[in-house]
Amino acid sequence: MDKPEEKQAAGNEPNAVKSTKTTTKKKRKKVRNRPKTWVISLWVVLSLLTIMLLGAGGVLYYVWSNLQPMPAGAVKQVAISRGMSANSVADTLEENGIIKNSFVFGYYLQLKDEGSRFQAGLYEMSPGMDNAAIIAKLNAGDTIAEETIRFTIPEGYTVLQIADKLAADGLINKEKFLDVAENGRSWANAESAQAIPDDDKLHKRLEGYLFPETYELKKDSTEEQIITRMLQETDRKLAALPEDWQDAMEASGRTLHEIMTIASLIEREVVVDEERALVSSVIYNRLAKPMRLQIDAAVQYALDEPKERLLTKDLEIDSPYNTYKNDGLPPGPIASPSLASIEAAIYPSQSDYLFYVTKKDGSQSHLFAKTYNEHLRNIDKSERGS
């Protein structure tokens, strides 16, 4: 019974060997079909290059598209402030819809070495402008002409007269202007104003320091801005004096505040330019004596309402500005002097004159005298129009 089983097993053995050989051939066939290593490496490299090129292309397209002009639109006003960086300008342009992307535009400016020459101001720009046009406009400072106010302050005006004029022109609130001029300001940005002493006797603190000139300022300038501009004009005018003016002032023994006071007296007393330095010499000569100045214009200032002709009782007014009753200079200027009067106060003529009287012949010039008797004769001449 066992032999047949052995035969059957023996009979199956060749088939098993055959099967093993077939499997080995299949494995060998699979090995022969596997890709070579360099092919795989090449495929990987090409794939990576493709990805990189696609990525770079995407970035380039992103940059290109964000540097394209915005769709055309209505004109807008864009304010560029002083001191803005190029990136801040780019942010402002994006906020106003002039460019698409401030980040990209900022790098574009760096690449083009632009942005350092941009000028502050208010610009008219519109969506649809290309980058070159935007940059050119900012570099050129092609700003909108701002609306301005223009006014003229005549020489010899007081702070009160200045306030009245500006209020009449609708440019200020008079009460606020006078309050700003009088209180709570150091005026650190105006050098000449630092010469004003802290003196309770001053009738108007900024009297004499608001320079008489024609001004042009931005529309809706505040009272403080107007005053600041006028104080700074005084600084500019002083800088236009001869180079040795400060040495001459020191040689005279007078402070800037005293010079401005003398200049204001000259301004209110003199009409003919050639006489300014002569009247200045009279003031200096009287101060040196000493003699009271007895200048009518100072009394007029003390009255606050100038009169065409002073009366004897007016000369008795109790005021530190009454130069008939008080020795020396008044506490401060009585008006805004011209540059010519300031120069005359610094550079007086050399004379022995102590008196002068206005001619009544319409010339508005003066007769000068060294003595009181000569002065009386000049008064008589003036009255007779000779």
# chains A, B, ... in the order shown; residues from 1 in each chain; ligands from 1
call {"tool": "select_by_dssp", "arguments": {"residues": "region 76-130 of chain A", "states": "alpha helix (DSSP H)", "output": "count of residues only"}}
result
20
call {"tool": "select_by_dssp", "arguments": {"residues": "region 261-370 of chain A", "states": "strand (DSSP E)", "output": "PDB file with N, CA, C and O atoms, in the first residue's frame"}}
result
ATOM      1  N   PHE A 355      17.251 168.447  20.115  1.00  0.00           N
ATOM      2  CA  PHE A 355      15.849 168.794  19.871  1.00  0.00           C
ATOM      3  C   PHE A 355      15.530 168.646  18.375  1.00  0.00           C
ATOM      4  O   PHE A 355      16.417 168.781  17.519  1.00  0.00           O
ATOM      5  N   TYR A 356      14.279 168.414  18.099  1.00  0.00           N
ATOM      6  CA  TYR A 356      13.778 168.493  16.731  1.00  0.00           C
ATOM      7  C   TYR A 356      12.295 168.827  16.762  1.00  0.00           C
ATOM      8  O   TYR A 356      11.589 168.534  17.739  1.00  0.00           O
ATOM      9  N   VAL A 357      11.842 169.473  15.718  1.00  0.00           N
ATOM     10  CA  VAL A 357      10.432 169.837  15.595  1.00  0.00           C
ATOM     11  C   VAL A 357      10.010 169.612  14.147  1.00  0.00           C
ATOM     12  O   VAL A 357      10.805 169.830  13.215  1.00  0.00           O
ATOM     13  N   THR A 358       8.787 169.148  13.962  1.00  0.00           N
ATOM     14  CA  THR A 358       8.292 168.866  12.613  1.00  0.00           C
ATOM     15  C   THR A 358       7.956 170.158  11.879  1.00  0.00           C
ATOM     16  O   THR A 358       7.306 171.044  12.426  1.00  0.00           O
ATOM     17  N   HIS A 366      12.054 167.618   9.525  1.00  0.00           N
ATOM     18  CA  HIS A 366      12.247 168.239  10.837  1.00  0.00           C
ATOM     19  C   HIS A 366      13.309 169.336  10.802  1.00  0.00           C
ATOM     20  O   HIS A 366      14.185 169.350   9.927  1.00  0.00           O
ATOM     21  N   LEU A 367      13.224 170.200  11.797  1.00  0.00           N
ATOM     22  CA  LEU A 367      14.267 171.164  12.082  1.00  0.00           C
ATOM     23  C   LEU A 367      14.972 170.707  13.348  1.00  0.00           C
ATOM     24  O   LEU A 367      14.319 170.404  14.362  1.00  0.00           O
ATOM     25  N   PHE A 368      16.285 170.654  13.317  1.00  0.00           N
ATOM     26  CA  PHE A 368      17.063 170.134  14.439  1.00  0.00           C
ATOM     27  C   PHE A 368      17.798 171.273  15.141  1.00  0.00           C
ATOM     28  O   PHE A 368      18.214 172.251  14.515  1.00  0.00           O
ATOM     29  N   ALA A 369      17.960 171.099  16.455  1.00  0.00           N
ATOM     30  CA  ALA A 369      18.628 172.139  17.240  1.00  0.00           C
ATOM     31  C   ALA A 369      19.519 171.524  18.315  1.00  0.00           C
ATOM     32  O   ALA A 369      19.222 170.447  18.841  1.00  0.00           O
TER      33      ALA A 369
END
call {"tool": "residues_around", "arguments": {"residues": "Ser116 (chain A)", "least_positions_apart": "3", "cutoff": "9 Å", "atoms": "only C-alpha atoms", "output": "ChimeraX atom specification"}}
result
/A:85-86,113,119,139
call {"tool": "write_last_selection", "arguments": {"atoms": "all heavy atoms", "output": "PDB file, in the first residue's frame"}}
result
ATOM      1  N   SER A  85       9.690 108.176   4.889  1.00  0.00           N
ATOM      2  CA  SER A  85      10.586 107.261   4.185  1.00  0.00           C
ATOM      3  C   SER A  85       9.934 106.811   2.884  1.00  0.00           C
ATOM      4  O   SER A  85       8.727 106.988   2.684  1.00  0.00           O
ATOM      5  CB  SER A  85      10.880 106.048   5.060  1.00  0.00           C
ATOM      6  OG  SER A  85       9.693 105.279   5.250  1.00  0.00           O
ATOM      7  N   ALA A  86      10.735 106.212   2.000  1.00  0.00           N
ATOM      8  CA  ALA A  86      10.204 105.727   0.730  1.00  0.00           C
ATOM      9  C   ALA A  86       9.130 104.664   0.960  1.00  0.00           C
ATOM     10  O   ALA A  86       8.109 104.631   0.261  1.00  0.00           O
ATOM     11  CB  ALA A  86      11.334 105.166  -0.130  1.00  0.00           C
ATOM     12  N   ASP A 113      16.931 102.844  -7.151  1.00  0.00           N
ATOM     13  CA  ASP A 113      17.615 103.873  -6.366  1.00  0.00           C
ATOM     14  C   ASP A 113      16.786 105.158  -6.339  1.00  0.00           C
ATOM     15  O   ASP A 113      17.293 106.261  -6.573  1.00  0.00           O
ATOM     16  CB  ASP A 113      19.003 104.146  -6.940  1.00  0.00           C
ATOM     17  CG  ASP A 113      19.873 104.957  -5.975  1.00  0.00           C
ATOM     18  OD1 ASP A 113      19.596 104.903  -4.765  1.00  0.00           O
ATOM     19  OD2 ASP A 113      20.796 105.658  -6.446  1.00  0.00           O
ATOM     20  N   GLN A 119       9.599 114.768  -2.510  1.00  0.00           N
ATOM     21  CA  GLN A 119       9.343 116.027  -1.817  1.00  0.00           C
ATOM     22  C   GLN A 119       7.968 116.002  -1.151  1.00  0.00           C
ATOM     23  O   GLN A 119       7.010 115.443  -1.695  1.00  0.00           O
ATOM     24  CB  GLN A 119       9.430 117.192  -2.800  1.00  0.00           C
ATOM     25  CG  GLN A 119      10.808 117.313  -3.450  1.00  0.00           C
ATOM     26  CD  GLN A 119      10.919 118.523  -4.337  1.00  0.00           C
ATOM     27  OE1 GLN A 119      10.466 119.614  -3.990  1.00  0.00           O
ATOM     28  NE2 GLN A 119      11.522 118.340  -5.508  1.00  0.00           N
ATOM     29  N   ASN A 139       9.521 113.282  -7.343  1.00  0.00           N
ATOM     30  CA  ASN A 139      10.856 113.870  -7.394  1.00  0.00           C
ATOM     31  C   ASN A 139      10.809 115.354  -7.744  1.00  0.00           C
ATOM     32  O   ASN A 139      11.598 116.152  -7.237  1.00  0.00           O
ATOM     33  CB  ASN A 139      11.732 113.141  -8.415  1.00  0.00           C
ATOM     34  CG  ASN A 139      12.275 111.820  -7.884  1.00  0.00           C
ATOM     35  OD1 ASN A 139      12.387 111.628  -6.680  1.00  0.00           O
ATOM     36  ND2 ASN A 139      12.619 110.909  -8.775  1.00  0.00           N
TER      37      ASN A 139
END
call {"tool": "residues_around", "arguments": {"residues": "Asp352 (chain A)", "least_positions_apart": "2", "cutoff": "12 Å", "atoms": "only C-alpha atoms", "output": "list in words"}}
result
Leu278, Val279, Ser280, Ser281, Val282, Ile283, Tyr284, Asn285, Arg286, Ala288, Lys289, Pro348, Ser349, Gln350, Leu354, Phe355, Tyr356, Phe368, Ala369, Lys370 and Thr371 of chain A
call {"tool": "write_last_selection", "arguments": {"atoms": "N, CA, C and O atoms", "output": "PDB file, in the first residue's frame"}}
result
ATOM      1  N   LEU A 278      19.497 160.776  12.209  1.00  0.00           N
ATOM      2  CA  LEU A 278      19.607 162.025  12.957  1.00  0.00           C
ATOM      3  C   LEU A 278      18.713 162.004  14.200  1.00  0.00           C
ATOM      4  O   LEU A 278      19.136 162.392  15.294  1.00  0.00           O
ATOM      5  N   VAL A 279      17.468 161.547  14.026  1.00  0.00           N
ATOM      6  CA  VAL A 279      16.561 161.426  15.171  1.00  0.00           C
ATOM      7  C   VAL A 279      17.128 160.412  16.153  1.00  0.00           C
ATOM      8  O   VAL A 279      17.035 160.604  17.382  1.00  0.00           O
ATOM      9  N   SER A 280      17.737 159.357  15.640  1.00  0.00           N
ATOM     10  CA  SER A 280      18.378 158.372  16.509  1.00  0.00           C
ATOM     11  C   SER A 280      19.461 159.031  17.344  1.00  0.00           C
ATOM     12  O   SER A 280      19.606 158.766  18.548  1.00  0.00           O
ATOM     13  N   SER A 281      20.236 159.931  16.729  1.00  0.00           N
ATOM     14  CA  SER A 281      21.305 160.611  17.467  1.00  0.00           C
ATOM     15  C   SER A 281      20.737 161.497  18.568  1.00  0.00           C
ATOM     16  O   SER A 281      21.323 161.598  19.660  1.00  0.00           O
ATOM     17  N   VAL A 282      19.587 162.126  18.313  1.00  0.00           N
ATOM     18  CA  VAL A 282      18.945 162.947  19.338  1.00  0.00           C
ATOM     19  C   VAL A 282      18.559 162.081  20.532  1.00  0.00           C
ATOM     20  O   VAL A 282      18.780 162.467  21.696  1.00  0.00           O
ATOM     21  N   ILE A 283      17.997 160.899  20.277  1.00  0.00           N
ATOM     22  CA  ILE A 283      17.603 159.990  21.358  1.00  0.00           C
ATOM     23  C   ILE A 283      18.821 159.579  22.176  1.00  0.00           C
ATOM     24  O   ILE A 283      18.815 159.635  23.417  1.00  0.00           O
ATOM     25  N   TYR A 284      19.889 159.184  21.504  1.00  0.00           N
ATOM     26  CA  TYR A 284      21.101 158.768  22.206  1.00  0.00           C
ATOM     27  C   TYR A 284      21.714 159.930  22.988  1.00  0.00           C
ATOM     28  O   TYR A 284      22.195 159.757  24.121  1.00  0.00           O
ATOM     29  N   ASN A 285      21.717 161.120  22.388  1.00  0.00           N
ATOM     30  CA  ASN A 285      22.297 162.287  23.064  1.00  0.00           C
ATOM     31  C   ASN A 285      21.515 162.638  24.332  1.00  0.00           C
ATOM     32  O   ASN A 285      22.102 162.987  25.361  1.00  0.00           O
ATOM     33  N   ARG A 286      20.201 162.538  24.259  1.00  0.00           N
ATOM     34  CA  ARG A 286      19.379 162.836  25.439  1.00  0.00           C
ATOM     35  C   ARG A 286      19.581 161.779  26.521  1.00  0.00           C
ATOM     36  O   ARG A 286      19.638 162.101  27.713  1.00  0.00           O
ATOM     37  N   ALA A 288      22.206 160.140  27.063  1.00  0.00           N
ATOM     38  CA  ALA A 288      23.556 160.299  27.615  1.00  0.00           C
ATOM     39  C   ALA A 288      23.652 161.476  28.581  1.00  0.00           C
ATOM     40  O   ALA A 288      24.520 161.507  29.465  1.00  0.00           O
ATOM     41  N   LYS A 289      22.766 162.468  28.483  1.00  0.00           N
ATOM     42  CA  LYS A 289      22.882 163.690  29.276  1.00  0.00           C
ATOM     43  C   LYS A 289      22.822 163.448  30.791  1.00  0.00           C
ATOM     44  O   LYS A 289      23.724 163.951  31.497  1.00  0.00           O
ATOM     45  N   PRO A 348      23.402 155.301  14.793  1.00  0.00           N
ATOM     46  CA  PRO A 348      22.941 156.701  14.805  1.00  0.00           C
ATOM     47  C   PRO A 348      23.992 157.617  14.171  1.00  0.00           C
ATOM     48  O   PRO A 348      25.185 157.299  14.142  1.00  0.00           O
ATOM     49  N   SER A 349      23.521 158.760  13.666  1.00  0.00           N
ATOM     50  CA  SER A 349      24.461 159.773  13.182  1.00  0.00           C
ATOM     51  C   SER A 349      25.239 160.363  14.354  1.00  0.00           C
ATOM     52  O   SER A 349      24.801 160.306  15.509  1.00  0.00           O
ATOM     53  N   GLN A 350      26.390 160.925  14.059  1.00  0.00           N
ATOM     54  CA  GLN A 350      27.151 161.637  15.073  1.00  0.00           C
ATOM     55  C   GLN A 350      26.735 163.107  15.016  1.00  0.00           C
ATOM     56  O   GLN A 350      26.965 163.791  14.018  1.00  0.00           O
ATOM     57  N   LEU A 354      19.901 167.954  20.253  1.00  0.00           N
ATOM     58  CA  LEU A 354      19.109 167.496  21.392  1.00  0.00           C
ATOM     59  C   LEU A 354      17.612 167.715  21.179  1.00  0.00           C
ATOM     60  O   LEU A 354      16.797 167.232  21.968  1.00  0.00           O
ATOM     61  N   PHE A 355      17.251 168.447  20.115  1.00  0.00           N
ATOM     62  CA  PHE A 355      15.849 168.794  19.871  1.00  0.00           C
ATOM     63  C   PHE A 355      15.530 168.646  18.375  1.00  0.00           C
ATOM     64  O   PHE A 355      16.417 168.781  17.519  1.00  0.00           O
ATOM     65  N   TYR A 356      14.279 168.414  18.099  1.00  0.00           N
ATOM     66  CA  TYR A 356      13.778 168.493  16.731  1.00  0.00           C
ATOM     67  C   TYR A 356      12.295 168.827  16.762  1.00  0.00           C
ATOM     68  O   TYR A 356      11.589 168.534  17.739  1.00  0.00           O
ATOM     69  N   PHE A 368      16.285 170.654  13.317  1.00  0.00           N
ATOM     70  CA  PHE A 368      17.063 170.134  14.439  1.00  0.00           C
ATOM     71  C   PHE A 368      17.798 171.273  15.141  1.00  0.00           C
ATOM     72  O   PHE A 368      18.214 172.251  14.515  1.00  0.00           O
ATOM     73  N   ALA A 369      17.960 171.099  16.455  1.00  0.00           N
ATOM     74  CA  ALA A 369      18.628 172.139  17.240  1.00  0.00           C
ATOM     75  C   ALA A 369      19.519 171.524  18.315  1.00  0.00           C
ATOM     76  O   ALA A 369      19.222 170.447  18.841  1.00  0.00           O
ATOM     77  N   LYS A 370      20.589 172.283  18.657  1.00  0.00           N
ATOM     78  CA  LYS A 370      21.511 171.828  19.697  1.00  0.00           C
ATOM     79  C   LYS A 370      21.140 172.392  21.064  1.00  0.00           C
ATOM     80  O   LYS A 370      21.452 171.782  22.093  1.00  0.00           O
ATOM     81  N   THR A 371      20.491 173.574  21.062  1.00  0.00           N
ATOM     82  CA  THR A 371      20.117 174.211  22.324  1.00  0.00           C
ATOM     83  C   THR A 371      18.621 174.458  22.367  1.00  0.00           C
ATOM     84  O   THR A 371      17.939 174.452  21.330  1.00  0.00           O
TER      85      THR A 371
END
call {"tool": "atom_distance", "arguments": {"atom1": "CA of Gly115 (chain A)", "atom2": "CA of Asn96 (chain A)"}}
result
17.9 Å
call {"tool": "residues_around", "arguments": {"residues": "region 304-311 of chain A", "least_positions_apart": "6", "cutoff": "10 Å", "atoms": "only C-alpha atoms", "output": "list in words"}}
result
Thr158, Leu160, Gln161, His203, Asp296 and Ala297 of chain A
call {"tool": "closest_residue", "arguments": {"among": "A:Met84, A:Met129, A:Leu122, A:Ala136", "to": "Pro71 (chain A)", "atoms": "only C-alpha atoms"}}
result
A:Met129
call {"tool": "closest_residue", "arguments": {"among": "A:Ser221, A:Thr50, A:Trp187, A:Glu213", "to": "Asn173 (chain A)", "atoms": "only C-alpha atoms"}}
result
A:Ser221
